[in-house]
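Below is the file work-v6.tsv, which contains TSV, C-alpha atoms and all ligand atoms.
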```
chain	number	residue	atom	x	y	z
A	17	MET	CA	-2.85	151.23	219.45
A	18	PRO	CA	-0.43	153.11	217.20
A	19	THR	CA	1.55	155.72	219.06
A	20	TYR	CA	3.27	158.75	217.60
A	21	HIS	CA	7.02	158.82	218.06
A	22	GLU	CA	9.01	161.98	217.63
A	23	PRO	CA	11.62	161.06	215.01
A	24	PHE	CA	15.13	160.61	216.31
A	25	ILE	CA	17.16	163.65	215.31
A	26	GLY	CA	20.89	163.11	215.19
A	27	GLY	CA	23.38	165.77	216.16
A	28	ALA	CA	24.96	167.84	213.45
A	29	GLU	CA	28.56	167.78	214.76
A	30	GLU	CA	29.87	166.20	211.56
A	31	VAL	CA	28.74	169.16	209.50
A	32	THR	CA	29.48	171.92	212.00
A	33	LEU	CA	32.28	174.42	211.64
A	34	GLU	CA	32.85	176.44	214.79
A	35	LEU	CA	34.67	179.67	214.05
A	36	THR	CA	37.39	180.68	216.48
A	37	GLU	CA	37.30	184.12	218.10
A	38	GLN	CA	39.90	185.30	215.62
A	39	GLU	CA	37.94	183.97	212.67
A	40	THR	CA	34.74	185.63	213.90
A	41	ALA	CA	36.64	188.91	214.25
A	42	GLN	CA	37.95	188.61	210.69
A	43	PHE	CA	34.46	187.84	209.35
A	44	ARG	CA	33.03	190.76	211.38
A	45	LYS	CA	35.63	193.12	209.96
A	46	ALA	CA	34.73	192.22	206.37
A	47	ALA	CA	31.01	192.74	207.09
A	48	ALA	CA	31.66	195.97	209.01
A	49	GLU	CA	33.65	197.46	206.13
A	50	LEU	CA	30.73	196.75	203.81
A	51	ALA	CA	28.31	198.24	206.33
A	52	ASP	CA	30.42	201.42	206.41
A	53	GLY	CA	29.69	201.89	202.70
A	54	LEU	CA	25.91	201.97	203.21
A	55	PRO	CA	23.92	205.22	203.28
A	56	ARG	CA	24.03	206.59	206.81
A	57	THR	CA	20.97	208.75	206.97
A	58	GLY	CA	17.41	207.58	207.36
A	59	PRO	CA	16.07	204.05	207.62
A	60	LEU	CA	17.72	201.31	205.60
A	61	SER	CA	15.10	199.65	203.47
A	62	PRO	CA	15.55	195.93	202.69
A	63	ALA	CA	14.88	196.79	199.03
A	64	LEU	CA	18.29	198.51	198.98
A	65	LEU	CA	19.99	195.13	198.80
A	66	ASP	CA	18.69	194.40	195.31
A	67	ASP	CA	21.47	196.42	193.78
A	68	PRO	CA	24.12	194.92	191.46
A	69	ASP	CA	26.83	197.31	192.69
A	70	LEU	CA	26.23	196.48	196.34
A	71	LEU	CA	26.17	192.74	195.60
A	72	MET	CA	29.42	193.08	193.67
A	73	ASP	CA	31.00	194.83	196.66
A	74	VAL	CA	29.75	191.99	198.87
A	75	GLU	CA	31.31	189.42	196.57
A	76	LEU	CA	34.67	191.20	196.62
A	77	ALA	CA	34.62	191.64	200.39
A	78	ALA	CA	33.79	187.95	200.81
A	79	ARG	CA	37.31	187.17	199.55
A	80	TRP	CA	38.44	188.34	203.00
A	81	LEU	CA	36.39	185.81	204.93
A	82	PRO	CA	38.45	183.51	207.16
A	83	PRO	CA	40.12	181.01	204.80
A	84	ARG	CA	38.88	177.96	206.72
A	85	LEU	CA	35.28	179.18	206.29
A	86	ALA	CA	35.75	180.16	202.65
A	87	ARG	CA	37.17	176.72	201.89
A	88	VAL	CA	34.28	174.91	203.57
A	89	LEU	CA	31.70	177.03	201.74
A	90	SER	CA	33.44	176.68	198.40
A	91	ARG	CA	33.76	172.90	198.79
A	92	PHE	CA	30.09	172.65	199.80
A	93	ARG	CA	29.07	174.58	196.70
A	94	ARG	CA	31.13	172.39	194.40
A	95	ALA	CA	30.79	168.93	195.90
A	96	GLY	CA	28.20	169.10	198.70
A	97	ASN	CA	28.48	166.63	201.58
A	98	PRO	CA	26.53	163.48	202.49
A	99	TYR	CA	24.21	165.49	204.74
A	100	GLY	CA	23.43	168.26	202.26
A	101	THR	CA	23.90	170.55	205.24
A	102	LEU	CA	26.45	172.79	206.92
A	103	ILE	CA	26.30	174.68	210.19
A	104	VAL	CA	28.70	177.54	210.84
A	105	ARG	CA	28.81	178.68	214.46
A	106	ASN	CA	29.87	182.14	215.72
A	107	ALA	CA	29.04	184.11	212.60
A	108	PRO	CA	29.04	187.84	213.40
A	109	ILE	CA	25.72	189.52	214.16
A	110	ASP	CA	24.87	192.99	215.45
A	111	ASP	CA	25.37	193.62	219.18
A	112	ASP	CA	22.31	195.70	219.89
A	113	LEU	CA	19.48	193.77	218.22
A	114	PRO	CA	16.02	195.34	218.04
A	115	PRO	CA	13.09	193.36	219.46
A	116	THR	CA	11.92	190.44	217.33
A	117	PRO	CA	9.35	191.95	214.94
A	118	ALA	CA	5.83	190.83	215.79
A	119	ASP	CA	4.42	191.06	212.28
A	120	GLY	CA	7.01	188.97	210.47
A	121	ALA	CA	9.01	191.68	208.73
A	122	VAL	CA	11.48	194.42	209.48
A	123	THR	CA	11.13	197.40	207.22
A	124	ASP	CA	14.21	199.12	208.59
A	125	TRP	CA	17.35	197.10	209.08
A	126	SER	CA	19.57	199.97	210.14
A	127	ARG	CA	20.25	198.01	213.34
A	128	LEU	CA	21.06	194.84	211.42
A	129	PRO	CA	23.81	195.81	208.96
A	130	LEU	CA	26.42	193.35	210.25
A	131	ALA	CA	24.19	190.29	210.25
A	132	THR	CA	22.77	191.23	206.85
A	133	LEU	CA	26.10	191.78	205.14
A	134	ALA	CA	27.81	188.85	206.84
A	135	GLN	CA	25.06	186.54	205.59
A	136	LEU	CA	25.23	187.95	202.07
A	137	ALA	CA	29.02	187.55	202.10
A	138	ALA	CA	28.75	183.89	203.09
A	139	VAL	CA	26.02	183.35	200.48
A	140	SER	CA	28.23	184.81	197.77
A	141	TRP	CA	30.52	181.80	198.18
A	142	LEU	CA	27.60	179.52	197.34
A	143	GLY	CA	26.16	181.28	194.31
A	144	ASP	CA	24.00	184.26	193.42
A	145	VAL	CA	21.36	185.46	195.80
A	146	ILE	CA	17.79	185.07	194.55
A	147	ALA	CA	14.40	186.10	195.95
A	148	TYR	CA	10.74	185.95	194.95
A	149	ALA	CA	8.32	188.85	194.82
A	150	ASP	CA	5.60	186.46	196.05
A	151	GLU	CA	7.43	185.75	199.25
A	152	LYS	CA	8.32	188.13	202.07
A	153	SER	CA	7.94	191.14	199.75
A	154	GLY	CA	10.80	189.94	197.57
A	155	HIS	CA	13.39	190.79	200.21
A	156	LEU	CA	16.81	189.32	199.52
A	157	VAL	CA	17.28	188.77	203.24
A	158	GLN	CA	14.08	187.77	205.00
A	159	ASP	CA	12.90	187.66	208.58
A	160	ILE	CA	11.64	184.33	209.86
A	161	VAL	CA	9.72	184.88	213.08
A	162	PRO	CA	6.65	183.39	214.72
A	163	VAL	CA	3.50	185.38	213.98
A	164	ARG	CA	0.53	185.53	216.31
A	165	GLY	CA	-2.47	183.79	214.80
A	166	ALA	CA	-0.29	181.78	212.37
A	167	GLU	CA	0.83	179.23	214.97
A	168	ARG	CA	-0.62	176.20	213.19
A	169	ARG	CA	0.38	177.16	209.66
A	170	GLN	CA	2.79	174.92	207.75
A	171	GLU	CA	4.88	177.97	206.96
A	172	ASN	CA	7.79	179.60	208.64
A	173	SER	CA	5.46	182.04	210.46
A	174	GLY	CA	4.04	179.06	212.36
A	175	SER	CA	5.36	177.46	215.52
A	176	VAL	CA	3.94	173.92	215.36
A	177	MET	CA	6.19	171.28	213.86
A	178	LEU	CA	7.11	172.29	210.31
A	179	GLU	CA	7.09	169.24	208.02
A	180	LEU	CA	10.15	168.38	205.97
A	181	HIS	CA	10.13	170.18	202.65
A	182	THR	CA	12.13	171.27	199.66
A	183	GLU	CA	12.04	175.07	199.64
A	184	ASP	CA	9.68	176.36	196.93
A	185	GLY	CA	9.82	172.96	195.20
A	186	PHE	CA	7.04	174.08	192.84
A	187	HIS	CA	8.98	177.09	191.58
A	188	PRO	CA	10.80	176.86	188.21
A	189	PHE	CA	13.68	178.86	189.72
A	190	LYS	CA	13.70	177.42	193.20
A	191	PRO	CA	16.75	178.10	195.33
A	192	ASP	CA	19.72	175.73	195.24
A	193	PHE	CA	20.86	176.79	198.70
A	194	ILE	CA	18.96	178.02	201.74
A	195	THR	CA	20.83	179.88	204.44
A	196	LEU	CA	19.34	180.54	207.87
A	197	LEU	CA	21.20	182.88	210.20
A	198	CYS	CA	19.93	182.84	213.77
A	199	LEU	CA	19.67	186.17	215.58
A	200	ARG	CA	17.72	184.75	218.56
A	201	ALA	CA	16.90	181.23	219.64
A	202	ASP	CA	13.45	180.36	220.97
A	203	HIS	CA	13.02	180.92	224.71
A	204	GLU	CA	13.03	177.26	225.67
A	205	ARG	CA	15.53	176.01	223.09
A	206	ARG	CA	12.99	173.61	221.66
A	207	ALA	CA	13.05	174.62	218.01
A	208	VAL	CA	15.33	172.14	216.26
A	209	THR	CA	15.95	172.96	212.61
A	210	THR	CA	16.20	169.59	210.89
A	211	SER	CA	17.46	168.32	207.59
A	212	GLY	CA	17.35	164.97	205.83
A	213	ALA	CA	19.63	164.16	202.91
A	214	ILE	CA	18.57	161.91	200.07
A	215	THR	CA	21.97	160.16	199.89
A	216	ARG	CA	21.57	159.01	203.50
A	217	ALA	CA	17.94	157.96	203.04
A	218	LEU	CA	18.56	156.08	199.79
A	219	PRO	CA	20.00	152.84	201.27
A	220	ARG	CA	16.75	152.47	203.26
A	221	LEU	CA	14.51	152.59	200.19
A	222	SER	CA	13.42	149.54	198.19
A	223	ALA	CA	14.26	149.47	194.48
A	224	GLY	CA	10.53	149.57	193.72
A	225	CYS	CA	10.10	152.71	195.79
A	226	VAL	CA	12.99	154.45	194.05
A	227	SER	CA	11.61	153.66	190.61
A	228	VAL	CA	8.18	155.08	191.55
A	229	LEU	CA	9.78	158.22	193.03
A	230	ARG	CA	11.51	158.76	189.68
A	231	ARG	CA	8.17	158.99	187.86
A	232	PRO	CA	6.30	162.32	187.48
A	233	LEU	CA	3.49	161.40	189.86
A	234	PHE	CA	3.78	164.16	192.45
A	235	ARG	CA	2.25	167.62	192.47
A	236	ILE	CA	3.02	170.32	195.03
A	237	ARG	CA	0.44	172.85	196.22
A	238	HIS	CA	1.99	176.31	196.12
A	239	SER	CA	2.68	178.11	199.37
A	240	SER	CA	-0.20	180.42	200.14
A	241	SER	CA	1.59	183.51	198.83
A	242	PHE	CA	2.55	182.11	195.39
A	243	GLY	CA	0.43	182.23	192.24
A	244	ARG	CA	-2.67	183.02	194.22
A	245	ALA	CA	-4.67	184.92	191.69
A	246	GLY	CA	-6.04	181.74	190.13
A	247	GLY	CA	-6.96	180.11	193.43
A	248	ASP	CA	-5.14	177.07	194.77
A	249	ALA	CA	-2.26	176.64	192.37
A	250	VAL	CA	-0.40	173.33	192.07
A	251	SER	CA	2.75	172.39	190.22
A	252	PRO	CA	2.69	170.12	187.18
A	253	PRO	CA	3.32	166.46	188.08
A	254	LEU	CA	6.98	166.11	189.07
A	255	PRO	CA	9.29	163.24	189.94
A	256	VAL	CA	10.59	163.27	193.51
A	257	LEU	CA	13.97	161.92	192.42
A	258	SER	CA	16.04	162.80	189.38
A	259	GLY	CA	19.67	162.61	188.30
A	260	PRO	CA	22.38	160.06	189.06
A	261	ASP	CA	21.43	156.80	190.84
A	262	SER	CA	23.92	157.15	193.66
A	263	GLU	CA	23.45	160.86	194.24
A	264	PRO	CA	20.04	161.92	192.98
A	265	GLU	CA	18.38	165.28	193.39
A	266	LEU	CA	15.22	165.51	195.40
A	267	ILE	CA	12.03	167.57	195.44
A	268	ALA	CA	9.72	166.59	198.29
A	269	ASP	CA	7.26	168.26	200.62
A	270	PHE	CA	5.56	166.10	203.22
A	271	HIS	CA	2.86	168.69	203.77
A	272	ALA	CA	2.12	170.11	200.34
A	273	MET	CA	2.92	167.26	197.93
A	274	GLU	CA	0.12	165.14	196.51
A	275	PRO	CA	1.08	161.72	195.14
A	276	ALA	CA	-1.15	160.49	192.30
A	277	GLY	CA	-2.57	157.13	193.31
A	278	ASP	CA	-1.86	154.46	195.91
A	279	THR	CA	1.46	153.25	194.52
A	280	ALA	CA	2.88	156.77	194.52
A	281	ALA	CA	1.46	157.41	198.00
A	282	ARG	CA	3.10	154.22	199.34
A	283	ALA	CA	6.47	155.14	197.84
A	284	PHE	CA	6.18	158.63	199.29
A	285	GLY	CA	5.35	157.16	202.70
A	286	GLU	CA	8.45	154.95	202.47
A	287	LEU	CA	10.55	158.00	201.68
A	288	HIS	CA	9.11	159.83	204.70
A	289	GLY	CA	10.02	156.91	206.96
A	290	ALA	CA	13.56	156.76	205.57
A	291	MET	CA	14.04	160.52	205.87
A	292	SER	CA	12.80	160.53	209.44
A	293	ALA	CA	15.40	157.89	210.29
A	294	VAL	CA	18.35	159.93	209.00
A	295	LEU	CA	17.47	163.40	210.23
A	296	VAL	CA	20.12	165.64	211.70
A	297	GLY	CA	19.39	168.92	213.39
A	298	ALA	CA	20.29	171.57	215.88
A	299	VAL	CA	18.67	174.24	217.99
A	300	LEU	CA	20.07	177.29	216.24
A	301	GLU	CA	21.59	179.85	218.60
A	302	ALA	CA	22.47	183.47	217.89
A	303	GLY	CA	25.31	183.51	215.35
A	304	ASP	CA	24.57	180.05	213.94
A	305	LEU	CA	24.34	179.93	210.18
A	306	MET	CA	22.74	176.80	208.77
A	307	ILE	CA	23.06	176.07	205.07
A	308	VAL	CA	21.00	173.44	203.27
A	309	ASP	CA	21.54	172.26	199.71
A	310	ASN	CA	17.92	172.38	198.53
A	311	ARG	CA	18.59	169.77	195.83
A	312	ALA	CA	20.15	167.25	198.17
A	313	ALA	CA	18.16	167.58	201.39
A	314	VAL	CA	14.75	168.51	202.76
A	315	HIS	CA	14.47	170.61	205.91
A	316	GLY	CA	11.94	171.31	208.63
A	317	ARG	CA	11.67	172.36	212.26
A	318	THR	CA	10.26	170.95	215.47
A	319	GLY	CA	7.56	172.91	217.32
A	320	PHE	CA	8.20	175.64	219.88
A	321	GLN	CA	6.28	178.07	222.05
A	322	PRO	CA	6.37	181.74	221.07
A	323	ARG	CA	5.70	184.40	223.70
A	324	TYR	CA	5.29	187.48	221.48
A	325	ASP	CA	7.29	189.50	223.96
A	326	GLY	CA	9.93	190.90	221.61
A	327	GLY	CA	12.38	188.13	222.58
A	328	ASP	CA	11.06	185.40	220.30
A	329	ARG	CA	12.98	183.24	217.91
A	330	TRP	CA	14.34	185.19	214.94
A	331	LEU	CA	16.11	183.78	211.92
A	332	ARG	CA	17.13	185.54	208.77
A	333	ARG	CA	16.89	183.66	205.54
A	334	CYS	CA	18.68	184.18	202.25
A	335	PHE	CA	18.60	181.97	199.16
A	336	ALA	CA	21.18	181.35	196.45
A	337	VAL	CA	21.17	179.71	193.05
A	338	ALA	CA	24.23	178.20	191.42
A	339	ASP	CA	23.33	179.96	188.16
A	340	LEU	CA	21.21	183.08	187.89
A	341	ARG	CA	20.98	182.99	184.08
A	342	PRO	CA	18.06	180.56	183.66
A	343	SER	CA	15.73	183.10	185.33
A	344	ARG	CA	16.96	186.06	183.25
A	345	GLY	CA	13.85	186.05	181.07
A	346	VAL	CA	11.56	186.80	184.00
A	347	ARG	CA	13.64	189.08	186.21
A	348	ALA	CA	13.82	192.82	185.63
A	349	ALA	CA	17.25	193.97	184.44
A	350	GLY	CA	19.65	194.30	187.35
A	351	SER	CA	17.28	192.68	189.84
A	352	GLN	CA	17.75	189.34	191.60
A	353	VAL	CA	14.04	189.11	192.41
A	354	CYS	CA	11.74	186.78	190.43
A	355	PRO	CA	8.35	188.42	189.73
A	356	PRO	CA	5.10	186.90	191.02
A	357	LEU	CA	4.19	183.54	189.53
A	358	PRO	CA	1.13	183.76	187.29
A	359	PRO	CA	-1.95	181.85	188.45
A	360	GLY	CA	-0.97	178.69	186.57
A	361	GLY	CA	2.41	178.70	188.28
A	362	ARG	CA	4.71	178.86	185.24
A	363	PRO	CA	6.28	182.11	184.06
A	401	LIG	O1	12.32	177.84	211.24
A	401	LIG	C1	13.16	177.09	210.78
A	401	LIG	O2	14.08	176.61	211.45
A	401	LIG	C2	13.08	176.69	209.32
A	401	LIG	C3	12.03	177.45	208.60
A	401	LIG	C4	12.00	177.14	207.14
A	401	LIG	O3	11.78	176.06	206.70
A	401	LIG	C5	12.31	178.23	206.21
A	401	LIG	O4	12.36	179.39	206.62
A	401	LIG	O5	12.46	177.95	205.01
A	402	FE	FE	11.85	176.10	204.51
```
Rewrite the structure of this file - the entire thing - as structure tokens.
Amino acid sequence: MPTYHEPFIGGAEEVTLELTEQETAQFRKAAAELADGLPRTGPLSPALLDDPDLLMDVELAARWLPPRLARVLSRFRRAGNPYGTLIVRNAPIDDDLPPTPADGAVTDWSRLPLATLAQLAAVSWLGDVIAYADEKSGHLVQDIVPVRGAERRQENSGSVMLELHTEDGFHPFKPDFITLLCLRADHERRAVTTSGAITRALPRLSAGCVSVLRRPLFRIRHSSSFGRAGGDAVSPPLPVLSGPDSEPELIADFHAMEPAGDTAARAFGELHGAMSAVLVGAVLEAGDLMIVDNRAAVHGRTGFQPRYDGGDRWLRRCFAVADLRPSRGVRAAGSQVCPPLPPGGRP
């Protein structure tokens, strides 16, 4: 009788940078100085972040990040690493965190200025921040929390195992980098954020499989929030692999991707097996910042048990693209937010 085996998930020590106390203090100082420049009266709306002057200030302040961190981020942007993943430990976050929001969004982040600006500062070393009106209200920094009733959804509001995926693989301006800053771990430390890099999976794939994965035989169903008006939108047929033989780029989603025909389905199954064999991951703790190169690796998460008691797992997510220009035709002037996808999915 076939039995289900949890995939082996390797440790992420090789890609982890643990900041020293001094480095955390230096990072905190840069974020705190930015926070001091924010309006001080009334609630701070997340929409405030979509402001070219503020993002410019963030970029300038990021020059004062600890040099060891800045170097690692800059190198990752330029050259990546074999895991397509970085974990920075001991990033600064706010001391007096509010309860984890039950409904999946914080509309006032006046108690989260440090975490917010620290994350944006780190992101500015990777590229330009980007967001999508279809997703989490277009917030540049988004709250990722378990939502009651959504437990079984293959989305970040769920708490069952989240299948490996490219983030927004169907989107013409998908992110190049995903950053996840943990404010609170799950109660039982069961939620392992995983990633699988194509360069590490590649040696396990047959030549036949690779050639099928390079053909446009794979469509992705849009996440429920995107391009909804026309019903269940799907992407045009895409190749899973593209680019150089030894270091290809990857778009894959083991929940939402539909291979066309048996040959494509077999190749996709082979890729899933290979990815599952090379996974690395970590239970993210408060102050852990995980960064995934969305072109080089897929990511996912093991299941966990939410309690909905205000102390649940809470990550904050922020995306970057290496080049903001390709999306200039769809974004409003001065905004980093892509408008809703039309029903067909293409702007
Ligand atoms: O919850 C996690 O660790 C990852 C969630 C995820 O895939 C995402 O927010 O994009
Ligand atoms: Fe994701």
- For stretch 290-307 of chain A: contacts at 7 Å, only C-alpha atoms, fewer than 5 positions along chain excluded, given as an MDAnalysis selection string: chainID A and resid 23:28 101:109 193:201 205:212 216:217 220:221
- 6 Å shell around ligand LIG 401 (chain A) using all atoms listed in the file, listed as a list in words: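 So, counting all atoms listed in the file, the residues near ligand LIG 401 (chain A) are Ile160, Asn172, Thr209, Gly316 and Arg317 of chain A.
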I need the chosen residues saved as a PDB file, in the frame of the given file, with C-alpha atoms.
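Listing of again12.pdb after writing:
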```
ATOM      1  CA  ILE A 160      11.640 184.330 209.860  1.00  0.00           C
ATOM      2  CA  ASN A 172       7.790 179.600 208.640  1.00  0.00           C
ATOM      3  CA  THR A 209      15.950 172.960 212.610  1.00  0.00           C
ATOM      4  CA  GLY A 316      11.940 171.310 208.630  1.00  0.00           C
ATOM      5  CA  ARG A 317      11.670 172.360 212.260  1.00  0.00           C
TER       6      ARG A 317
END
```
- Task: Please identify all polymer residues within 10 Å of A:Pro68, counting all atoms listed in the file, omitting same-chain residues fewer than 4 positions from it, and present them as a ChimeraX atom specification.
- Result: /A:72-74,349-352
Write out, as a PDB file, in the frame of the given file, the residues just selected, with C-alpha atoms.
```
ATOM      1  CA  MET A  72      29.420 193.080 193.670  1.00  0.00           C
ATOM      2  CA  ASP A  73      31.000 194.830 196.660  1.00  0.00           C
ATOM      3  CA  VAL A  74      29.750 191.990 198.870  1.00  0.00           C
ATOM      4  CA  ALA A 349      17.250 193.970 184.440  1.00  0.00           C
ATOM      5  CA  GLY A 350      19.650 194.300 187.350  1.00  0.00           C
ATOM      6  CA  SER A 351      17.280 192.680 189.840  1.00  0.00           C
ATOM      7  CA  GLN A 352      17.750 189.340 191.600  1.00  0.00           C
TER       8      GLN A 352
END
```
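Checking A:Thr279, A:Ser222, A:Thr182, A:Ser343 one by one against ligand FE 402 (chain A), counting only C-alpha atoms and all ligand atoms, you find the shortest gap at A:Thr182.
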- List the neighbours of A:Pro115 out to 9 Å using all atoms listed in the file; skip same-chain residues closer than 6 positions along the sequence, and give me the result as a PyMOL selection string. chain A and resi 325-328
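Each of A:Ala41, A:Leu76, A:Leu65, A:Leu178 was compared to A:Ala138 using only C-alpha atoms, and A:Leu76 turns out to be the nearest.
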Residues at most 12 Å from A:Trp125, counting only C-alpha atoms, excluding those fewer than 6 positions away in the same chain, as an mmCIF file with C-alpha atoms, keeping the file's coordinate frame?
```cif
data_model
loop_
_atom_site.group_PDB
_atom_site.id
_atom_site.type_symbol
_atom_site.label_atom_id
_atom_site.label_comp_id
_atom_site.auth_asym_id
_atom_site.auth_seq_id
_atom_site.Cartn_x
_atom_site.Cartn_y
_atom_site.Cartn_z
ATOM 1 C CA ALA A 51 28.310 198.240 206.330
ATOM 2 C CA LEU A 54 25.910 201.970 203.210
ATOM 3 C CA PRO A 55 23.920 205.220 203.280
ATOM 4 C CA ARG A 56 24.030 206.590 206.810
ATOM 5 C CA GLY A 58 17.410 207.580 207.360
ATOM 6 C CA PRO A 59 16.070 204.050 207.620
ATOM 7 C CA LEU A 60 17.720 201.310 205.600
ATOM 8 C CA SER A 61 15.100 199.650 203.470
ATOM 9 C CA PRO A 62 15.550 195.930 202.690
ATOM 10 C CA ALA A 63 14.880 196.790 199.030
ATOM 11 C CA LEU A 64 18.290 198.510 198.980
ATOM 12 C CA LEU A 65 19.990 195.130 198.800
ATOM 13 C CA ASP A 110 24.870 192.990 215.450
ATOM 14 C CA ASP A 112 22.310 195.700 219.890
ATOM 15 C CA LEU A 113 19.480 193.770 218.220
ATOM 16 C CA PRO A 114 16.020 195.340 218.040
ATOM 17 C CA PRO A 115 13.090 193.360 219.460
ATOM 18 C CA THR A 116 11.920 190.440 217.330
ATOM 19 C CA PRO A 117 9.350 191.950 214.940
ATOM 20 C CA ALA A 131 24.190 190.290 210.250
ATOM 21 C CA THR A 132 22.770 191.230 206.850
ATOM 22 C CA LEU A 133 26.100 191.780 205.140
ATOM 23 C CA HIS A 155 13.390 190.790 200.210
ATOM 24 C CA VAL A 157 17.280 188.770 203.240
ATOM 25 C CA GLN A 158 14.080 187.770 205.000
ATOM 26 C CA ASP A 159 12.900 187.660 208.580
ATOM 27 C CA ARG A 332 17.130 185.540 208.770
#
```
- Tell me, in Å to one decimal, how far atom CA of A:Asn97 is from atom CA of A:Glu263.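 Interatomic distance here is 10.6 Å.
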- Message: Please determine, counting all atoms listed in the file, which residue among A:Leu257, A:Cys354, A:Ile214, A:Met177 has the shortest atom-to-atom distance to ligand FE 402 (chain A).
- Response: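 Ranked by minimum distance to ligand FE 402 (chain A), first place goes to A:Met177.
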- Message: Given only C-alpha atoms as the basis, pick out the residue of A:Leu128, A:Ala276, A:Leu89, A:Leu331 nearest to A:Val161.
- Response: A:Leu331
- Figure out the distance between atom CA of A:Arg323 and atom CA of A:Asp202, please, to one decimal in Å.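 One can read the atom CA of A:Asp202 to atom CA of A:Arg323 distance as 9.2 Å.
A straight line drawn from atom CA of A:Gly285 to atom CA of A:Gly319 is 21.6 Å long.
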Give me the residues of stretch 239-279 of chain A that have any atom at most 12 Å from an atom of stretch 186-189 of chain A; for each, the nearest atom pair and the distance in Å, rounded to one decimal. Use all atoms listed in the file, sort by chain and number, and format it as a Markdown table.
```
| residue | atom | partner | partner_atom | distance |
| --- | --- | --- | --- | --- |
| A:Ser239 | CA | A:Phe186 | CA | 8.8 |
| A:Phe242 | CA | A:His187 | CA | 9.0 |
| A:Gly243 | CA | A:His187 | CA | 10.0 |
| A:Ala249 | CA | A:Phe186 | CA | 9.7 |
| A:Val250 | CA | A:Phe186 | CA | 7.5 |
| A:Ser251 | CA | A:Phe186 | CA | 5.3 |
| A:Pro252 | CA | A:Phe186 | CA | 8.2 |
| A:Pro253 | CA | A:Phe186 | CA | 9.7 |
| A:Leu254 | CA | A:Phe186 | CA | 8.8 |
| A:Pro255 | CA | A:Phe186 | CA | 11.4 |
| A:Val256 | CA | A:Phe186 | CA | 11.4 |
| A:Ile267 | CA | A:Phe186 | CA | 8.6 |
| A:Ala268 | CA | A:Phe186 | CA | 9.6 |
| A:Asp269 | CA | A:Phe186 | CA | 9.7 |
| A:Ala272 | CA | A:Phe186 | CA | 9.8 |
| A:Met273 | CA | A:Phe186 | CA | 9.5 |
| A:Glu274 | CA | A:Phe186 | CA | 11.9 |
```
Keeping only C-alpha atoms, write the selected residues as an mmCIF file, in the coordinates of the input.
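What follows is the written file selection_26.cif:
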```
data_model
loop_
_atom_site.group_PDB
_atom_site.id
_atom_site.type_symbol
_atom_site.label_atom_id
_atom_site.label_comp_id
_atom_site.auth_asym_id
_atom_site.auth_seq_id
_atom_site.Cartn_x
_atom_site.Cartn_y
_atom_site.Cartn_z
ATOM 1 C CA SER A 239 2.680 178.110 199.370
ATOM 2 C CA PHE A 242 2.550 182.110 195.390
ATOM 3 C CA GLY A 243 0.430 182.230 192.240
ATOM 4 C CA ALA A 249 -2.260 176.640 192.370
ATOM 5 C CA VAL A 250 -0.400 173.330 192.070
ATOM 6 C CA SER A 251 2.750 172.390 190.220
ATOM 7 C CA PRO A 252 2.690 170.120 187.180
ATOM 8 C CA PRO A 253 3.320 166.460 188.080
ATOM 9 C CA LEU A 254 6.980 166.110 189.070
ATOM 10 C CA PRO A 255 9.290 163.240 189.940
ATOM 11 C CA VAL A 256 10.590 163.270 193.510
ATOM 12 C CA ILE A 267 12.030 167.570 195.440
ATOM 13 C CA ALA A 268 9.720 166.590 198.290
ATOM 14 C CA ASP A 269 7.260 168.260 200.620
ATOM 15 C CA ALA A 272 2.120 170.110 200.340
ATOM 16 C CA MET A 273 2.920 167.260 197.930
ATOM 17 C CA GLU A 274 0.120 165.140 196.510
#
```
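Using only C-alpha atoms and all ligand atoms, the smallest distance between any of A:Glu167, A:Asp69, A:Glu151, A:Asp124 and ligand FE 402 (chain A) comes from A:Glu151.
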Would you compute the box with edges along x, y and z of the file around stretch 172-181 of chain A, including every atom the file lists for it and 6 Å extra on each side, and give its centre and edge lengths in Å to one decimal, as lines of an AutoDock Vina configuration file?
```
center_x = 7.0
center_y = 175.2
center_z = 209.1
size_x = 18.2
size_y = 25.7
size_z = 24.9
```
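When only C-alpha atoms and all ligand atoms are used to compute distances to ligand FE 402 (chain A), the closest of the residues A:Ile236, A:Val314, A:Ala121, A:Leu287 turns out to be A:Val314.
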- Do you know which residues are at most 9 Å from A:Gly174 counting all atoms listed in the file, after dropping those on the same chain fewer than 5 positions away, and could you put them as a list in words?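 Once the adjacent positions are removed, what remains is Val161, Pro162, Val163, Arg164, Gly165, Ala166, Glu167, Arg168, Arg169 and Gly319 of chain A.
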- Item | Polymer residues at most 10 Å from (24.0, 179.2, 190.3) by only C-alpha atoms, as a VMD selection string | chain A and resid 93 142 to 146 191 to 193 336 to 342
